[in-house]
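> For reference, this is final_8.cif, and it has mmCIF, C-alpha atoms.
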```
data_protein
#
loop_
_atom_site.label_atom_id
_atom_site.label_comp_id
_atom_site.auth_asym_id
_atom_site.auth_seq_id
_atom_site.Cartn_x
_atom_site.Cartn_y
_atom_site.Cartn_z
CA MET A 580 -109.91 -10.44 14.09
CA ILE A 581 -107.36 -8.68 11.88
CA SER A 582 -109.10 -6.93 9.00
CA VAL A 583 -107.54 -5.57 5.85
CA HIS A 584 -107.87 -2.06 7.34
CA HIS A 585 -105.20 -2.87 9.91
CA TYR A 586 -102.71 -3.73 7.20
CA LEU A 587 -103.64 -0.69 5.12
CA LEU A 588 -103.18 1.62 8.12
CA LEU A 589 -99.84 0.03 8.95
CA SER A 590 -98.59 0.47 5.42
CA ALA A 591 -99.84 4.09 5.38
CA ILE A 592 -97.82 4.76 8.54
CA LEU A 593 -94.71 3.11 7.09
CA PHE A 594 -95.08 5.04 3.83
CA SER A 595 -95.34 8.35 5.72
CA ILE A 596 -92.23 7.55 7.75
CA GLY A 597 -90.38 6.74 4.53
CA THR A 598 -91.54 10.05 3.04
CA LEU A 599 -90.29 11.88 6.11
CA GLY A 600 -86.88 10.27 5.71
CA VAL A 601 -86.64 11.01 1.98
CA LEU A 602 -87.55 14.65 2.49
CA THR A 603 -85.39 15.41 5.49
CA ARG A 604 -82.21 13.34 5.43
CA ARG A 605 -79.01 14.56 3.76
CA ASN A 606 -77.12 11.29 3.42
CA ALA A 607 -77.96 9.78 0.01
CA ILE A 608 -77.67 6.18 1.21
CA VAL A 609 -80.14 6.81 4.06
CA ILE A 610 -82.53 8.38 1.54
CA PHE A 611 -82.12 5.23 -0.50
CA MET A 612 -83.02 3.07 2.51
CA CYS A 613 -86.10 5.22 3.17
CA ILE A 614 -87.19 4.58 -0.42
CA GLU A 615 -86.88 0.87 0.34
CA VAL A 616 -89.18 1.36 3.36
CA MET A 617 -91.74 3.04 1.08
CA LEU A 618 -91.52 0.23 -1.49
CA ASN A 619 -92.01 -2.33 1.26
CA SER A 620 -95.09 -0.60 2.60
CA VAL A 621 -96.60 -0.70 -0.89
CA ASN A 622 -95.76 -4.41 -1.07
CA LEU A 623 -97.63 -4.94 2.19
CA THR A 624 -100.67 -3.19 0.71
CA PHE A 625 -100.49 -5.39 -2.38
CA ILE A 626 -100.34 -8.62 -0.40
CA ALA A 627 -103.04 -7.61 2.10
CA LEU A 628 -105.45 -6.65 -0.68
CA SER A 629 -104.50 -9.75 -2.67
CA LYS A 630 -105.58 -11.90 0.27
CA HIS A 631 -108.69 -9.79 0.81
CA VAL A 632 -109.80 -10.05 -2.82
CA GLY A 633 -108.77 -13.69 -3.16
CA ASN A 634 -106.63 -13.22 -6.24
CA MET A 635 -102.97 -13.97 -6.95
CA ASP A 636 -102.24 -10.98 -9.21
CA GLY A 637 -101.22 -8.64 -6.39
CA GLN A 638 -98.52 -11.02 -5.22
CA VAL A 639 -97.10 -11.28 -8.75
CA PHE A 640 -96.95 -7.49 -8.73
CA VAL A 641 -94.97 -7.63 -5.49
CA PHE A 642 -92.50 -9.84 -7.33
CA PHE A 643 -92.08 -7.19 -10.02
CA VAL A 644 -91.73 -4.42 -7.43
CA MET A 645 -88.89 -6.42 -5.88
CA THR A 646 -87.26 -6.75 -9.31
CA VAL A 647 -87.42 -2.99 -9.82
CA ALA A 648 -86.07 -2.41 -6.31
CA ALA A 649 -83.10 -4.67 -7.02
CA ALA A 650 -82.36 -2.88 -10.29
CA GLU A 651 -82.70 0.46 -8.53
CA ALA A 652 -80.31 -0.67 -5.80
CA ALA A 653 -77.66 -1.68 -8.34
CA VAL A 654 -77.87 1.50 -10.43
CA GLY A 655 -78.37 3.89 -7.50
CA LEU A 656 -75.43 2.59 -5.52
CA ALA A 657 -73.22 2.70 -8.63
CA LEU A 658 -74.25 6.34 -9.08
CA MET A 659 -73.32 7.07 -5.47
CA ILE A 660 -69.91 5.46 -5.89
CA ALA A 661 -69.30 7.48 -9.07
CA PHE A 662 -70.34 10.66 -7.25
CA PHE A 663 -68.18 9.89 -4.23
CA LYS A 664 -65.14 9.39 -6.47
CA ASN A 665 -65.49 12.95 -7.76
CA LYS A 666 -66.78 14.92 -4.78
CA GLU A 667 -65.59 12.92 -1.74
CA SER A 668 -69.08 13.36 -0.30
CA ILE A 669 -72.44 11.60 -0.33
CA ASP A 670 -74.46 14.59 0.90
CA VAL A 671 -77.44 15.37 -1.36
CA ASP A 672 -76.86 19.10 -0.82
CA ASP A 673 -73.64 18.67 -2.82
CA PHE A 674 -75.46 17.10 -5.77
CA ASN A 675 -75.49 20.28 -7.80
CA MET A 676 -73.87 19.52 -11.11
CA LEU A 677 -74.90 17.62 -14.21
CA LYS A 678 -71.44 16.62 -15.43
CA TRP A 679 -67.86 16.82 -14.26
CA MET B 157 -103.44 -14.48 19.66
CA GLY B 158 -103.21 -13.45 16.01
CA ILE B 159 -104.14 -9.85 16.73
CA LEU B 160 -101.57 -9.69 19.52
CA LEU B 161 -98.86 -10.92 17.17
CA PHE B 162 -100.00 -8.43 14.56
CA TYR B 163 -99.81 -5.48 16.95
CA LEU B 164 -96.42 -6.55 18.26
CA THR B 165 -94.99 -6.96 14.77
CA ALA B 166 -96.54 -3.73 13.52
CA PHE B 167 -95.16 -1.84 16.53
CA VAL B 168 -91.64 -3.16 15.95
CA ALA B 169 -91.92 -2.42 12.21
CA VAL B 170 -92.98 1.19 12.80
CA ILE B 171 -90.30 1.78 15.43
CA ALA B 172 -87.63 0.27 13.17
CA ALA B 173 -88.78 2.38 10.21
CA PHE B 174 -88.67 5.48 12.39
CA PHE B 175 -85.13 4.76 13.48
CA VAL B 176 -84.11 4.24 9.84
CA THR B 177 -84.94 7.90 9.31
CA LYS B 178 -83.54 9.08 12.63
CA CYS B 179 -80.20 7.33 13.23
CA ARG B 180 -77.12 9.46 12.63
CA ASN B 181 -74.96 6.49 11.67
CA PRO B 182 -75.90 4.87 8.32
CA VAL B 183 -74.92 1.42 9.62
CA ASN B 184 -77.49 1.72 12.43
CA SER B 185 -80.08 2.77 9.84
CA ALA B 186 -79.25 -0.31 7.78
CA LEU B 187 -79.69 -2.62 10.79
CA CYS B 188 -83.05 -1.01 11.62
CA LEU B 189 -84.05 -1.52 7.99
CA VAL B 190 -83.25 -5.25 8.28
CA THR B 191 -85.50 -5.38 11.38
CA ASN B 192 -88.26 -3.70 9.40
CA PHE B 193 -87.89 -6.23 6.57
CA LEU B 194 -88.07 -9.16 8.98
CA CYS B 195 -91.25 -7.76 10.58
CA LEU B 196 -92.82 -7.41 7.15
CA ALA B 197 -91.86 -11.01 6.39
CA VAL B 198 -93.74 -12.08 9.55
CA LEU B 199 -96.76 -10.10 8.35
CA TYR B 200 -96.58 -11.83 4.95
CA VAL B 201 -96.65 -15.22 6.70
CA MET B 202 -99.73 -14.06 8.64
CA LEU B 203 -101.31 -13.09 5.29
CA GLU B 204 -100.80 -16.67 4.03
CA ALA B 205 -98.05 -15.70 1.59
CA PRO B 206 -95.06 -17.79 2.76
CA PHE B 207 -93.28 -17.64 -0.61
CA MET B 208 -93.38 -13.85 -0.48
CA ALA B 209 -91.93 -13.95 3.05
CA ALA B 210 -89.06 -16.14 1.85
CA ILE B 211 -88.42 -13.84 -1.12
CA GLN B 212 -88.56 -10.83 1.20
CA ILE B 213 -85.86 -12.27 3.43
CA MET B 214 -83.68 -13.57 0.57
CA VAL B 215 -83.89 -10.61 -1.80
CA TYR B 216 -84.36 -7.64 0.53
CA ALA B 217 -82.74 -8.66 3.79
CA GLY B 218 -80.14 -10.69 1.92
CA ALA B 219 -79.12 -9.22 -1.42
CA ILE B 220 -80.14 -5.55 -1.28
CA MET B 221 -78.99 -5.02 2.29
CA VAL B 222 -75.62 -6.64 1.55
CA LEU B 223 -75.26 -4.23 -1.38
CA ILE B 224 -76.14 -1.21 0.78
CA ILE B 225 -73.83 -2.21 3.64
CA PHE B 226 -71.07 -2.97 1.13
CA VAL B 227 -71.34 0.54 -0.29
CA ILE B 228 -71.45 2.11 3.20
CA MET B 229 -68.24 0.32 4.12
CA LEU B 230 -66.61 0.91 0.72
CA LEU B 231 -67.15 4.65 0.99
CA ASN B 232 -66.19 4.59 4.69
CA LEU B 233 -69.42 6.23 5.84
CA GLY B 234 -69.75 4.12 8.97
CA THR B 235 -69.07 7.01 11.31
CA SER B 236 -71.86 9.15 12.67
CA VAL B 237 -72.12 12.69 11.34
CA LYS B 238 -71.16 15.38 13.80
CA GLY B 239 -73.02 18.38 12.45
CA ASN B 240 -76.36 18.84 10.82
CA TYR B 241 -77.62 15.62 9.26
CA VAL B 242 -81.13 16.68 8.26
CA HIS B 243 -82.51 19.54 6.18
CA GLY B 244 -86.00 20.90 5.69
CA LEU B 245 -87.29 19.22 8.83
CA ALA B 246 -90.33 21.49 9.17
CA GLY B 247 -91.51 21.16 5.58
CA GLY B 248 -90.82 17.45 5.37
CA GLY B 249 -92.48 16.78 8.72
CA VAL B 250 -95.59 18.74 7.79
CA LEU B 251 -95.84 16.95 4.44
CA ALA B 252 -95.39 13.51 6.02
CA VAL B 253 -98.00 14.19 8.74
CA LEU B 254 -100.40 15.53 6.12
CA MET B 255 -99.91 12.41 4.02
CA LEU B 256 -100.48 10.20 7.08
CA PHE B 257 -103.65 12.10 7.95
CA LEU B 258 -105.04 11.91 4.42
CA THR B 259 -104.30 8.19 3.98
CA ASN B 260 -105.79 7.43 7.40
CA ARG B 261 -108.95 9.31 6.51
CA PHE B 262 -109.09 7.54 3.17
CA VAL B 263 -108.71 4.10 4.74
CA ALA B 264 -111.11 4.81 7.62
CA ASN B 265 -113.86 6.19 5.39
CA GLY B 266 -113.43 3.69 2.59
CA GLN B 267 -114.81 0.19 2.36
CA ALA B 268 -112.64 -2.61 0.97
CA THR B 269 -114.95 -4.27 -1.50
CA GLY B 270 -114.47 -7.13 -3.90
CA THR B 271 -114.09 -10.18 -1.66
CA GLY B 272 -114.70 -13.74 -2.73
CA GLY B 273 -112.07 -14.52 -5.34
CA GLU B 274 -111.11 -18.08 -6.17
CA ILE B 275 -107.86 -18.16 -4.13
CA THR B 276 -109.08 -18.97 -0.62
CA SER B 277 -107.14 -20.35 2.35
CA GLU B 278 -108.22 -23.89 1.47
CA VAL B 279 -106.89 -23.55 -2.09
CA ILE B 280 -103.57 -22.22 -0.79
CA LYS B 281 -103.35 -25.10 1.69
CA SER B 282 -104.18 -27.81 -0.86
CA VAL B 283 -102.30 -26.52 -3.92
CA GLY B 284 -99.46 -24.63 -2.29
CA HIS B 285 -98.59 -20.96 -2.42
CA THR B 286 -95.46 -21.29 -4.56
CA GLU B 287 -97.30 -23.27 -7.21
CA LEU B 288 -100.08 -20.70 -7.35
CA ILE B 289 -97.56 -17.90 -7.80
CA GLY B 290 -95.77 -19.87 -10.50
CA ARG B 291 -98.99 -20.55 -12.35
CA ALA B 292 -99.96 -16.87 -12.33
CA MET B 293 -96.48 -15.73 -13.31
CA PHE B 294 -95.86 -18.10 -16.18
CA THR B 295 -99.31 -17.93 -17.74
CA ASP B 296 -100.94 -14.52 -17.26
CA PHE B 297 -97.77 -12.54 -16.56
CA LEU B 298 -95.30 -14.17 -18.92
CA LEU B 299 -94.54 -11.02 -20.93
CA PRO B 300 -93.91 -8.80 -17.85
CA PHE B 301 -91.68 -11.57 -16.50
CA GLU B 302 -89.52 -11.48 -19.63
CA ILE B 303 -89.44 -7.68 -19.56
CA ALA B 304 -88.25 -7.87 -15.95
CA SER B 305 -85.31 -10.01 -17.05
CA ILE B 306 -84.36 -7.38 -19.65
CA LEU B 307 -84.66 -4.69 -16.95
CA LEU B 308 -82.27 -6.58 -14.70
CA LEU B 309 -79.78 -7.03 -17.55
CA VAL B 310 -79.88 -3.31 -18.36
CA ALA B 311 -79.43 -2.45 -14.69
CA ILE B 312 -76.39 -4.70 -14.37
CA ILE B 313 -74.75 -3.21 -17.47
CA GLY B 314 -75.60 0.31 -16.28
CA ALA B 315 -74.09 -0.32 -12.85
CA VAL B 316 -70.85 -1.62 -14.39
CA VAL B 317 -70.63 1.32 -16.82
CA LEU B 318 -71.29 3.88 -14.09
CA SER B 319 -68.81 2.60 -11.55
CA LYS B 320 -65.96 1.85 -13.92
CA ARG B 321 -63.34 4.56 -14.34
CA LYS B 322 -62.34 3.87 -17.95
CA ILE B 323 -64.38 1.68 -20.25
#
```
Please express what this file holds, its structure, as structure tokens.

Amino acid sequence: MISVHHYLLLSAILFSIGTLGVLTRRNAIVIFMCIEVMLNSVNLTFIALSKHVGNMDGQVFVFFVMTVAAAEAAVGLALMIAFFKNKESIDVDDFNMLKW
Amino acid sequence: MGILLFYLTAFVAVIAAFFVTKCRNPVNSALCLVTNFLCLAVLYVMLEAPFMAAIQIMVYAGAIMVLIIFVIMLLNLGTSVKGNYVHGLAGGGVLAVLMLFLTNRFVANGQATGTGGEITSEVIKSVGHTELIGRAMFTDFLLPFEIASILLLVAIIGAVVLSKRKI
């Protein structure tokens, strides 16, 4: 029988892997994808606990998390394109100025 | 049977997530991320949330991944990096392992209470998952729903302003 603990452990593992990627990678787009992994693990927690509790609110929250992730994708990728136009690089170690 | 499917899907999801962080080529990372999204969609179906699985595939594996791959190809980043592609591996690894340890302890020692809400498997089967989501979203969560539409509008305008050379 699959209990809610299985899903919580799985999402904890996925969240830690996402954290590892965010902290260690240098490519900004890969960091962005690792943030998506973290958001997805949180979504899994929401849906597992929503089923466990027997309430629909958690799944509505997943919907809003997806909205925020879509907005973040649009703005973040536009920022990366603007940065690449000026620096010819997408390495986060080059992100060292506030304006150009 | 269900537990076997769960372990298989969870294994593939964890491996795919690991290779998102590990692959040198961003395109390979993106493909591993799509695999991870599909595994999570399977888990959502197992959790009796088929609408969420459909949204996961359409929004994440469809829209967001197309955006990411479009940017990778627009900036011509599809070649693997020769030199150093990570930084702070020791600190990041220690922090991630510590976080994994703490969350595992928290989950193993804790007890998930609060069962017995009104949305059971029978209700989902008889009413339908999409209708239940719609009812919750357009009655209890109407104001956050409208705020989400404003957020998306602001994000679209911000993306256009940021990526345009001259406004």
> Do a neighbour search on range 287-298 of chain B at 9 Å with only C-alpha atoms, toss out local chain neighbours closer than 2 positions, and write the hits as a CSV table (one decimal) with C-alpha atoms, in the frame of the given file.

```csv
chain,number,residue,atom,x,y,z
A,635,MET,CA,-103.0,-14.0,-7.0
A,636,ASP,CA,-102.2,-11.0,-9.2
A,638,GLN,CA,-98.5,-11.0,-5.2
A,639,VAL,CA,-97.1,-11.3,-8.8
B,207,PHE,CA,-93.3,-17.6,-0.6
B,275,ILE,CA,-107.9,-18.2,-4.1
B,280,ILE,CA,-103.6,-22.2,-0.8
B,283,VAL,CA,-102.3,-26.5,-3.9
B,284,GLY,CA,-99.5,-24.6,-2.3
B,285,HIS,CA,-98.6,-21.0,-2.4
B,300,PRO,CA,-93.9,-8.8,-17.8
B,301,PHE,CA,-91.7,-11.6,-16.5
B,302,GLU,CA,-89.5,-11.5,-19.6
B,303,ILE,CA,-89.4,-7.7,-19.6
```
> Please evaluate the PyMOL selection byres ((chain A and resi 590) around 12) against the displayed coordinates and give the resulting residues as a PyMOL selection string.
(chain A and resi 583-589+591-597+616-628) or (chain B and resi 166-167+169-170+173+192+196+199+256+259-260+263)
> Taking the file above as input, evaluate the PyMOL selection byres ((chain B) within 7 of (chain A)) and report the hits as a PyMOL selection string.
chain B and resi 159+166+170+173-174+177+182+203+220+227+241-245+248-249+252+255-256+259-260+263+270-276+289+292-293+304+308+311-312+314-315+318-319
> Store the residues of this selection in a file with C-alpha atoms, as a compact mmCIF listing (two decimals), keeping the file's coordinate frame.

```
# COMPACT_ATOMS: atom_id res chain seq x y z
CA ILE B 159 -104.14 -9.85 16.73
CA ALA B 166 -96.54 -3.73 13.52
CA VAL B 170 -92.98 1.19 12.80
CA ALA B 173 -88.78 2.38 10.21
CA PHE B 174 -88.67 5.48 12.39
CA THR B 177 -84.94 7.90 9.31
CA PRO B 182 -75.90 4.87 8.32
CA LEU B 203 -101.31 -13.09 5.29
CA ILE B 220 -80.14 -5.55 -1.28
CA VAL B 227 -71.34 0.54 -0.29
CA TYR B 241 -77.62 15.62 9.26
CA VAL B 242 -81.13 16.68 8.26
CA HIS B 243 -82.51 19.54 6.18
CA GLY B 244 -86.00 20.90 5.69
CA LEU B 245 -87.29 19.22 8.83
CA GLY B 248 -90.82 17.45 5.37
CA GLY B 249 -92.48 16.78 8.72
CA ALA B 252 -95.39 13.51 6.02
CA MET B 255 -99.91 12.41 4.02
CA LEU B 256 -100.48 10.20 7.08
CA THR B 259 -104.30 8.19 3.98
CA ASN B 260 -105.79 7.43 7.40
CA VAL B 263 -108.71 4.10 4.74
CA GLY B 270 -114.47 -7.13 -3.90
CA THR B 271 -114.09 -10.18 -1.66
CA GLY B 272 -114.70 -13.74 -2.73
CA GLY B 273 -112.07 -14.52 -5.34
CA GLU B 274 -111.11 -18.08 -6.17
CA ILE B 275 -107.86 -18.16 -4.13
CA THR B 276 -109.08 -18.97 -0.62
CA ILE B 289 -97.56 -17.90 -7.80
CA ALA B 292 -99.96 -16.87 -12.33
CA MET B 293 -96.48 -15.73 -13.31
CA ALA B 304 -88.25 -7.87 -15.95
CA LEU B 308 -82.27 -6.58 -14.70
CA ALA B 311 -79.43 -2.45 -14.69
CA ILE B 312 -76.39 -4.70 -14.37
CA GLY B 314 -75.60 0.31 -16.28
CA ALA B 315 -74.09 -0.32 -12.85
CA LEU B 318 -71.29 3.88 -14.09
CA SER B 319 -68.81 2.60 -11.55
```
> Between CA of Ala210 in chain B and CA of Ala197 in chain B, what is the distance in Å, rounded to a tenth?
7.4 Å
> Have a look at CA of Leu230 in chain B and CA of Arg321 in chain B and let me know their distance in Å, one decimal.
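We find that CA of Leu230 in chain B and CA of Arg321 in chain B lie 15.8 Å from each other.
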> In Å, with one decimal, what is the gap from CA of Ile171 in chain B to CA of Ser185 in chain B?
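CA of Ile171 in chain B sits 11.7 Å away from CA of Ser185 in chain B.
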> Report as number ranges by chain the full result of the PyMOL selection byres ((chain A and resi 678) around 12) when it is applied to this structure.
A: 661-662, 665-666, 674-677, 679
